[in-house]
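Novice: The structure that follows is given in the form of structure tokens.
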Amino acid sequence: MVLTTGVVFALPALTGIDPGRAVLDARVVGASPDPETLARLNQELGTDRPVARRFVSFVADLARGDLGRSFVTRRPVVPETLRAARVSLSLMATAMGVATAVALVAGLVLAQRAGSFLDRAGQALARTMVAVPEYVIGPLLVLVFGAVLGVFPTSGWATTRHAVLPALTLAVFPMAVLTQVVRAEALDVAGEPFIRVARAAGLRPARILFDRIGRLSLVSAVALGSALSASMISGAVVVEVVFAVPGLGRLLRDAVVDSDLPMLQAGLVTVSGLAVLIGIAADAVHAVLDPRVRLA
Amino acid sequence: MRLTAVAAVAAVVLAGLWWVWGPEPDANELSARFAPLSVAHPLGTDHLGRDLLSRLVHGAQLSLGLSAVALVASVMLGSVVGGLASRRGGLVATALLVTVDTVGAIPTVVIALVITAAAGPGVASLFASILVATWAPHARLAYQLTTKIAAADFVEAASAVGARPAHVLRRHIWPNAARPLLAHAVLGFPTVLLTVAGLSFLGLGAQPPRAEWGAMLSDAQPYLERFPLGVVAPASCIVAAGLVVAALGRRLEQAVVEPSRRRTAHDTA
């Protein structure tokens, strides 16, 4: 099982490298406007050699953790990419944590009051927020909290206060999705025999709600985690650009805008690796929370 | 729902009027930067003195138009790949399905970054990115539908009386798969719209001075405090268009998919 998970989750990583190489080929074979860049690329990347040999040496470089120097800053790209990845990871983890916590409580409350006005309003809100992208929420939060109220800083990444608005922006989408999932799951689980048993055995309703129902709802939320991670990565790129957070997303975007190939390659490999890691982490948490998966 | 429809139609009619009689979207008067709301400029002017309403209306052309075209292309590609995988089976199917799953797992922005890096920013790259990023779910649905329909008795009967595979595909499978595919496509429209605007926002799509809602949002952000409407207006357009089409898609799905489900439930009962 571990092996299959590993292979399945490694697939995006493998293709993540392939387009990166396609970029190189397109740049070097096609009419590149800058002869200096062309010469440096040929020398640096050895593109005159056959594809197979290039691929082998690329993988070897990758294993050594050396992907060359940035065209723009002339510094080695790997340390910079890793630093940016740490920022992105903490941003995404914070957002995911906030989203899960809020969604868990909101979903359970809505399920308890299923059919009420609160339930319908909450569901409508969740459905609407799914359709509101990060690049809309971000500037609006800047407008309200930064420009009008002046409570939180709106750009940069220095203190905890800097993380509030970006994390909040990134949290909205998973929060809206997970609230709906938790609500549906909680209603499902509440009808199961083992909940009736727990109730008959005299467990307090609050205990049943949070210990039994809450736990199972969280399981379905985590199972969705790996599917959400792709959209979280896309969202993180937007959020980092909006709030000038020095993370992986902004690094990638700047690398494309500046045609900084080594930086782009390192960034793409890191993003793919990150997607794989998030998938594995989601599976691990899933196994811890759900005894049925652990047995399998 | 009716109110939404009326509001949407009214918005389209007003936009059409302004499209014909309003000022050019790129006409700038630097003397009239951040002009207040007036009859000449109902939503004021932006940081280059361009009429905001005109840019919104002309931006719709790219935001909505490109989304629609890209969606159609993506559904067509998905249908062909999914149908092919189902009809051929074996190794071809496995290879195609693995491709579908793999492409579906790559974040959209990463796909767009790679394509833009290779081909340069612009509307063509934007179109290609949307196509690559969105065809996979349609292919999966087309595969499931084709496989399900091909197992039905009437398809077997057609093959048994000697109908050629191309005829079976055109006359029996396609008509039954088309409606669910269409409903699924309409439900996918808001995602495509948000992606078009999002990539343009990142500078990976429409290039200045071309009007596009996402690009306008990004342009106006530095002037947020001075001219909040410059951000709020395109943002509202993006969200409103997404919600209206999503509501339409749910309606269509109910009308198209649910009756067929009921029918199969009846058949098996």
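Each chain in the structure tokens gets a letter, A, B and so on, in the order shown; residues start at 1 in every chain, and ligands are counted from 1 in the order they appear.
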Fewer than 6 positions away in the same chain doesn't count, so skip those; otherwise give me all residues within 10 Å of Gln221 in chain B, counting only C-alpha atoms, as a PDB file with C-alpha atoms, in the first residue's frame.
Specialist:
```pdb
ATOM      1  CA  PRO A 139      -7.183  43.065  -2.205  1.00  0.00           C
ATOM      2  CA  LEU A 140     -10.517  43.425  -0.364  1.00  0.00           C
ATOM      3  CA  VAL A 142      -6.067  44.834   2.206  1.00  0.00           C
ATOM      4  CA  LEU A 143      -8.666  47.538   1.654  1.00  0.00           C
ATOM      5  CA  VAL A 242      -0.787  40.003  -3.636  1.00  0.00           C
TER       6      VAL A 242
ATOM      7  CA  PHE B 227      -9.563  54.504  -6.167  1.00  0.00           C
ATOM      8  CA  PRO B 228     -11.079  51.454  -4.425  1.00  0.00           C
ATOM      9  CA  GLY B 230     -10.942  50.122  -9.590  1.00  0.00           C
ATOM     10  CA  VAL B 231     -10.448  46.947  -7.550  1.00  0.00           C
ATOM     11  CA  VAL B 232     -13.988  46.386  -6.337  1.00  0.00           C
TER      12      VAL B 232
END
```
Novice: Hey, what's within 12 Å of Leu141 in chain A if we count only C-alpha atoms and toss same-chain stuff fewer than 5 positions away? As a list in words, please?
Specialist: Glu134, Tyr135, Val136, Gly146, Ala147, Val148, Leu149, Gly150, Val151, Phe152, Pro153, Thr154, Ser155, Val164, Leu165, Pro166, Ala167, Leu168, Thr169, Leu170, Val172, Val239, Val242 and Phe243 of chain A; Gln221, Leu224, Pro228, Val231 and Val232 of chain B
Novice: Hey, can you spit out that residue selection with N, CA and C atoms as a PDB file, in the first residue's frame?
Specialist:
```
ATOM      1  N   GLU A 134      -8.828  33.930  -4.587  1.00  0.00           N
ATOM      2  CA  GLU A 134      -7.878  34.596  -3.676  1.00  0.00           C
ATOM      3  C   GLU A 134      -7.554  36.010  -4.134  1.00  0.00           C
ATOM      4  N   TYR A 135      -7.495  36.213  -5.467  1.00  0.00           N
ATOM      5  CA  TYR A 135      -7.101  37.540  -5.936  1.00  0.00           C
ATOM      6  C   TYR A 135      -8.219  38.564  -5.782  1.00  0.00           C
ATOM      7  N   VAL A 136      -9.409  38.101  -5.378  1.00  0.00           N
ATOM      8  CA  VAL A 136     -10.478  39.038  -5.028  1.00  0.00           C
ATOM      9  C   VAL A 136     -10.486  39.282  -3.516  1.00  0.00           C
ATOM     10  N   GLY A 146      -6.110  46.834   6.053  1.00  0.00           N
ATOM     11  CA  GLY A 146      -4.882  47.585   5.886  1.00  0.00           C
ATOM     12  C   GLY A 146      -5.145  49.061   5.711  1.00  0.00           C
ATOM     13  N   ALA A 147      -5.939  49.396   4.673  1.00  0.00           N
ATOM     14  CA  ALA A 147      -6.093  50.798   4.300  1.00  0.00           C
ATOM     15  C   ALA A 147      -7.062  51.539   5.217  1.00  0.00           C
ATOM     16  N   VAL A 148      -8.212  50.926   5.532  1.00  0.00           N
ATOM     17  CA  VAL A 148      -9.231  51.634   6.299  1.00  0.00           C
ATOM     18  C   VAL A 148      -8.975  51.517   7.802  1.00  0.00           C
ATOM     19  N   LEU A 149      -8.844  50.289   8.289  1.00  0.00           N
ATOM     20  CA  LEU A 149      -8.675  50.094   9.730  1.00  0.00           C
ATOM     21  C   LEU A 149      -7.212  50.218  10.162  1.00  0.00           C
ATOM     22  N   GLY A 150      -6.289  49.868   9.231  1.00  0.00           N
ATOM     23  CA  GLY A 150      -4.876  49.966   9.569  1.00  0.00           C
ATOM     24  C   GLY A 150      -4.436  49.015  10.668  1.00  0.00           C
ATOM     25  N   VAL A 151      -5.072  47.850  10.746  1.00  0.00           N
ATOM     26  CA  VAL A 151      -4.771  46.919  11.838  1.00  0.00           C
ATOM     27  C   VAL A 151      -3.576  46.039  11.512  1.00  0.00           C
ATOM     28  N   PHE A 152      -3.551  45.504  10.277  1.00  0.00           N
ATOM     29  CA  PHE A 152      -2.498  44.562   9.922  1.00  0.00           C
ATOM     30  C   PHE A 152      -1.662  45.100   8.764  1.00  0.00           C
ATOM     31  N   PRO A 153      -0.363  44.777   8.752  1.00  0.00           N
ATOM     32  CA  PRO A 153       0.468  45.159   7.597  1.00  0.00           C
ATOM     33  C   PRO A 153       0.003  44.385   6.367  1.00  0.00           C
ATOM     34  N   THR A 154       0.101  45.012   5.172  1.00  0.00           N
ATOM     35  CA  THR A 154      -0.476  44.400   3.984  1.00  0.00           C
ATOM     36  C   THR A 154       0.565  43.857   3.018  1.00  0.00           C
ATOM     37  N   SER A 155       1.861  44.019   3.324  1.00  0.00           N
ATOM     38  CA  SER A 155       2.838  43.386   2.443  1.00  0.00           C
ATOM     39  C   SER A 155       4.104  43.078   3.211  1.00  0.00           C
ATOM     40  N   VAL A 164      -1.070  37.313   9.034  1.00  0.00           N
ATOM     41  CA  VAL A 164      -2.515  37.218   9.299  1.00  0.00           C
ATOM     42  C   VAL A 164      -3.334  37.299   8.011  1.00  0.00           C
ATOM     43  N   LEU A 165      -3.159  38.386   7.256  1.00  0.00           N
ATOM     44  CA  LEU A 165      -3.995  38.569   6.068  1.00  0.00           C
ATOM     45  C   LEU A 165      -3.723  37.521   4.981  1.00  0.00           C
ATOM     46  N   PRO A 166      -2.438  37.217   4.657  1.00  0.00           N
ATOM     47  CA  PRO A 166      -2.217  36.163   3.652  1.00  0.00           C
ATOM     48  C   PRO A 166      -2.824  34.820   4.058  1.00  0.00           C
ATOM     49  N   ALA A 167      -2.610  34.423   5.310  1.00  0.00           N
ATOM     50  CA  ALA A 167      -3.121  33.121   5.747  1.00  0.00           C
ATOM     51  C   ALA A 167      -4.642  33.102   5.685  1.00  0.00           C
ATOM     52  N   LEU A 168      -5.258  34.195   6.105  1.00  0.00           N
ATOM     53  CA  LEU A 168      -6.715  34.284   6.085  1.00  0.00           C
ATOM     54  C   LEU A 168      -7.234  34.157   4.644  1.00  0.00           C
ATOM     55  N   THR A 169      -6.582  34.888   3.732  1.00  0.00           N
ATOM     56  CA  THR A 169      -6.992  34.847   2.328  1.00  0.00           C
ATOM     57  C   THR A 169      -6.916  33.433   1.775  1.00  0.00           C
ATOM     58  N   LEU A 170      -5.797  32.768   2.076  1.00  0.00           N
ATOM     59  CA  LEU A 170      -5.585  31.430   1.546  1.00  0.00           C
ATOM     60  C   LEU A 170      -6.525  30.421   2.196  1.00  0.00           C
ATOM     61  N   VAL A 172      -9.699  30.794   3.019  1.00  0.00           N
ATOM     62  CA  VAL A 172     -11.130  30.890   2.710  1.00  0.00           C
ATOM     63  C   VAL A 172     -11.626  29.733   1.849  1.00  0.00           C
ATOM     64  N   VAL A 239      -1.649  34.482  -3.541  1.00  0.00           N
ATOM     65  CA  VAL A 239      -1.565  35.179  -2.260  1.00  0.00           C
ATOM     66  C   VAL A 239      -0.186  35.797  -2.074  1.00  0.00           C
ATOM     67  N   VAL A 242       0.030  38.910  -4.165  1.00  0.00           N
ATOM     68  CA  VAL A 242      -0.787  40.003  -3.636  1.00  0.00           C
ATOM     69  C   VAL A 242      -0.114  40.657  -2.429  1.00  0.00           C
ATOM     70  N   PHE A 243       0.392  39.838  -1.498  1.00  0.00           N
ATOM     71  CA  PHE A 243       0.902  40.369  -0.235  1.00  0.00           C
ATOM     72  C   PHE A 243       2.426  40.482  -0.198  1.00  0.00           C
TER      73      PHE A 243
ATOM     74  N   GLN B 221      -4.536  47.546  -8.082  1.00  0.00           N
ATOM     75  CA  GLN B 221      -4.175  47.283  -6.691  1.00  0.00           C
ATOM     76  C   GLN B 221      -3.261  48.337  -6.057  1.00  0.00           C
ATOM     77  N   LEU B 224      -5.237  51.256  -4.604  1.00  0.00           N
ATOM     78  CA  LEU B 224      -6.378  50.777  -3.832  1.00  0.00           C
ATOM     79  C   LEU B 224      -7.007  51.858  -2.968  1.00  0.00           C
ATOM     80  N   PRO B 228     -10.689  52.829  -4.776  1.00  0.00           N
ATOM     81  CA  PRO B 228     -11.079  51.454  -4.425  1.00  0.00           C
ATOM     82  C   PRO B 228     -11.987  50.803  -5.463  1.00  0.00           C
ATOM     83  N   VAL B 231     -10.633  48.332  -7.961  1.00  0.00           N
ATOM     84  CA  VAL B 231     -10.448  46.947  -7.550  1.00  0.00           C
ATOM     85  C   VAL B 231     -11.796  46.265  -7.362  1.00  0.00           C
ATOM     86  N   VAL B 232     -12.705  46.988  -6.708  1.00  0.00           N
ATOM     87  CA  VAL B 232     -13.988  46.386  -6.337  1.00  0.00           C
ATOM     88  C   VAL B 232     -14.815  46.020  -7.579  1.00  0.00           C
TER      89      VAL B 232
END
```
Novice: Residues of chain B within 8 Å of chain A, counting only C-alpha atoms - could you list those as a PyMOL selection string?
Specialist: chain B and resi 102-103+105-110+113-118+190+194+198+201-202+221+224-225+228+231-232+235+239+242-243
Novice: Please, could you write that set of residues out with N, CA and C atoms as a short mmCIF file (atom, residue, chain, number, x, y, z; two decimals), in the first residue's frame?
Specialist:
```
data_model
loop_
_atom_site.label_atom_id
_atom_site.label_comp_id
_atom_site.auth_asym_id
_atom_site.auth_seq_id
_atom_site.Cartn_x
_atom_site.Cartn_y
_atom_site.Cartn_z
N THR B 102 -2.55 12.07 -13.93
CA THR B 102 -1.33 12.82 -13.65
C THR B 102 -1.52 14.30 -13.91
N VAL B 103 -2.07 14.62 -15.10
CA VAL B 103 -2.27 16.02 -15.45
C VAL B 103 -3.24 16.67 -14.45
N ALA B 105 -3.47 16.19 -11.42
CA ALA B 105 -2.89 16.41 -10.09
C ALA B 105 -1.91 17.59 -10.07
N ILE B 106 -1.56 18.13 -11.25
CA ILE B 106 -0.61 19.25 -11.28
C ILE B 106 -1.37 20.55 -11.05
N PRO B 107 -0.90 21.41 -10.13
CA PRO B 107 -1.59 22.69 -9.91
C PRO B 107 -1.65 23.51 -11.19
N THR B 108 -2.82 24.13 -11.43
CA THR B 108 -3.04 24.91 -12.64
C THR B 108 -1.96 25.96 -12.86
N VAL B 109 -1.60 26.65 -11.77
CA VAL B 109 -0.63 27.73 -11.91
C VAL B 109 0.71 27.19 -12.38
N VAL B 110 1.07 25.99 -11.93
CA VAL B 110 2.34 25.40 -12.36
C VAL B 110 2.31 25.12 -13.86
N LEU B 113 2.65 28.39 -15.61
CA LEU B 113 4.01 28.92 -15.52
C LEU B 113 4.91 28.26 -16.55
N VAL B 114 4.78 26.93 -16.68
CA VAL B 114 5.63 26.20 -17.61
C VAL B 114 5.32 26.62 -19.05
N ILE B 115 4.03 26.67 -19.39
CA ILE B 115 3.66 27.03 -20.76
C ILE B 115 4.08 28.46 -21.08
N THR B 116 3.87 29.37 -20.12
CA THR B 116 4.25 30.76 -20.35
C THR B 116 5.76 30.91 -20.49
N ALA B 117 6.50 30.13 -19.67
CA ALA B 117 7.95 30.20 -19.77
C ALA B 117 8.41 29.73 -21.14
N ALA B 118 7.72 28.72 -21.71
CA ALA B 118 8.13 28.16 -22.98
C ALA B 118 7.70 29.04 -24.15
N PRO B 190 -17.38 28.35 -14.34
CA PRO B 190 -16.85 29.28 -13.33
C PRO B 190 -15.38 29.05 -13.03
N LEU B 194 -12.50 31.86 -13.46
CA LEU B 194 -11.62 32.26 -12.37
C LEU B 194 -10.16 32.03 -12.74
N GLY B 198 -7.42 34.78 -12.99
CA GLY B 198 -6.32 34.58 -12.04
C GLY B 198 -4.97 34.61 -12.73
N PHE B 201 -4.22 38.04 -13.72
CA PHE B 201 -3.84 38.78 -12.52
C PHE B 201 -2.37 38.60 -12.22
N LEU B 202 -1.86 37.38 -12.43
CA LEU B 202 -0.45 37.10 -12.16
C LEU B 202 0.47 37.61 -13.26
N GLN B 221 -4.54 47.55 -8.08
CA GLN B 221 -4.18 47.28 -6.69
C GLN B 221 -3.26 48.34 -6.06
N LEU B 224 -5.24 51.26 -4.60
CA LEU B 224 -6.38 50.78 -3.83
C LEU B 224 -7.01 51.86 -2.97
N GLU B 225 -6.16 52.64 -2.27
CA GLU B 225 -6.71 53.62 -1.32
C GLU B 225 -7.31 54.81 -2.04
N PRO B 228 -10.69 52.83 -4.78
CA PRO B 228 -11.08 51.45 -4.43
C PRO B 228 -11.99 50.80 -5.46
N VAL B 231 -10.63 48.33 -7.96
CA VAL B 231 -10.45 46.95 -7.55
C VAL B 231 -11.80 46.26 -7.36
N VAL B 232 -12.70 46.99 -6.71
CA VAL B 232 -13.99 46.39 -6.34
C VAL B 232 -14.82 46.02 -7.58
N ALA B 235 -13.54 42.92 -9.48
CA ALA B 235 -13.72 41.80 -8.56
C ALA B 235 -15.17 41.35 -8.54
N VAL B 239 -16.80 37.63 -9.67
CA VAL B 239 -17.57 36.80 -8.74
C VAL B 239 -19.01 36.64 -9.25
N GLY B 242 -19.24 34.32 -12.22
CA GLY B 242 -19.04 32.94 -11.78
C GLY B 242 -20.28 32.37 -11.12
N LEU B 243 -20.90 33.16 -10.23
CA LEU B 243 -22.07 32.67 -9.49
C LEU B 243 -23.26 32.46 -10.42
#
```
Novice: Run DSSP on the backbone of this structure and report the residues of range 143-183 of chain A it assigns to helix (DSSP H, G or I), as a ChimeraX atom specification.
Specialist: /A:143-148,160-183
Novice: Restricting the output to C-alpha atoms, write the selected residues as an mmCIF file, in the first residue's frame.
Specialist:
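Contents of the output file selection-v1.cif:
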```cif
data_model
loop_
_atom_site.group_PDB
_atom_site.id
_atom_site.type_symbol
_atom_site.label_atom_id
_atom_site.label_comp_id
_atom_site.auth_asym_id
_atom_site.auth_seq_id
_atom_site.Cartn_x
_atom_site.Cartn_y
_atom_site.Cartn_z
ATOM 1 C CA LEU A 143 -8.666 47.538 1.654
ATOM 2 C CA VAL A 144 -10.584 46.829 4.864
ATOM 3 C CA PHE A 145 -7.895 45.838 7.371
ATOM 4 C CA GLY A 146 -4.882 47.585 5.886
ATOM 5 C CA ALA A 147 -6.093 50.798 4.300
ATOM 6 C CA VAL A 148 -9.231 51.634 6.299
ATOM 7 C CA THR A 160 3.509 37.128 12.872
ATOM 8 C CA ARG A 161 1.217 40.051 12.161
ATOM 9 C CA HIS A 162 2.392 39.961 8.540
ATOM 10 C CA ALA A 163 1.051 36.426 8.196
ATOM 11 C CA VAL A 164 -2.515 37.218 9.299
ATOM 12 C CA LEU A 165 -3.995 38.569 6.068
ATOM 13 C CA PRO A 166 -2.217 36.163 3.652
ATOM 14 C CA ALA A 167 -3.121 33.121 5.747
ATOM 15 C CA LEU A 168 -6.715 34.284 6.085
ATOM 16 C CA THR A 169 -6.992 34.847 2.328
ATOM 17 C CA LEU A 170 -5.585 31.430 1.546
ATOM 18 C CA ALA A 171 -7.796 29.760 4.179
ATOM 19 C CA VAL A 172 -11.130 30.890 2.710
ATOM 20 C CA PHE A 173 -11.363 28.366 -0.127
ATOM 21 C CA PRO A 174 -10.483 25.185 1.862
ATOM 22 C CA MET A 175 -12.627 26.508 4.725
ATOM 23 C CA ALA A 176 -15.678 26.791 2.457
ATOM 24 C CA VAL A 177 -15.099 23.366 0.895
ATOM 25 C CA LEU A 178 -14.386 21.588 4.184
ATOM 26 C CA THR A 179 -17.358 23.132 6.012
ATOM 27 C CA GLN A 180 -19.667 21.556 3.435
ATOM 28 C CA VAL A 181 -17.845 18.226 3.661
ATOM 29 C CA VAL A 182 -17.873 18.135 7.476
ATOM 30 C CA ARG A 183 -21.570 19.046 7.561
#
```
Novice: Would you pick out the contacts of His184 in chain B at 8 Å or less, using only C-alpha atoms, so that residues sharing its chain but fewer than 5 positions from it are not included, and give the list as a ChimeraX atom specification?
Specialist: /B:138,249,253
Novice: Could the residues in this selection be saved with C-alpha atoms as an mmCIF file, in the first residue's frame?
Specialist:
```cif
data_model
loop_
_atom_site.group_PDB
_atom_site.id
_atom_site.type_symbol
_atom_site.label_atom_id
_atom_site.label_comp_id
_atom_site.auth_asym_id
_atom_site.auth_seq_id
_atom_site.Cartn_x
_atom_site.Cartn_y
_atom_site.Cartn_z
ATOM 1 C CA HIS B 138 -14.020 15.937 -18.949
ATOM 2 C CA GLY B 249 -25.092 24.950 -14.490
ATOM 3 C CA GLU B 253 -27.578 19.465 -14.442
#
```
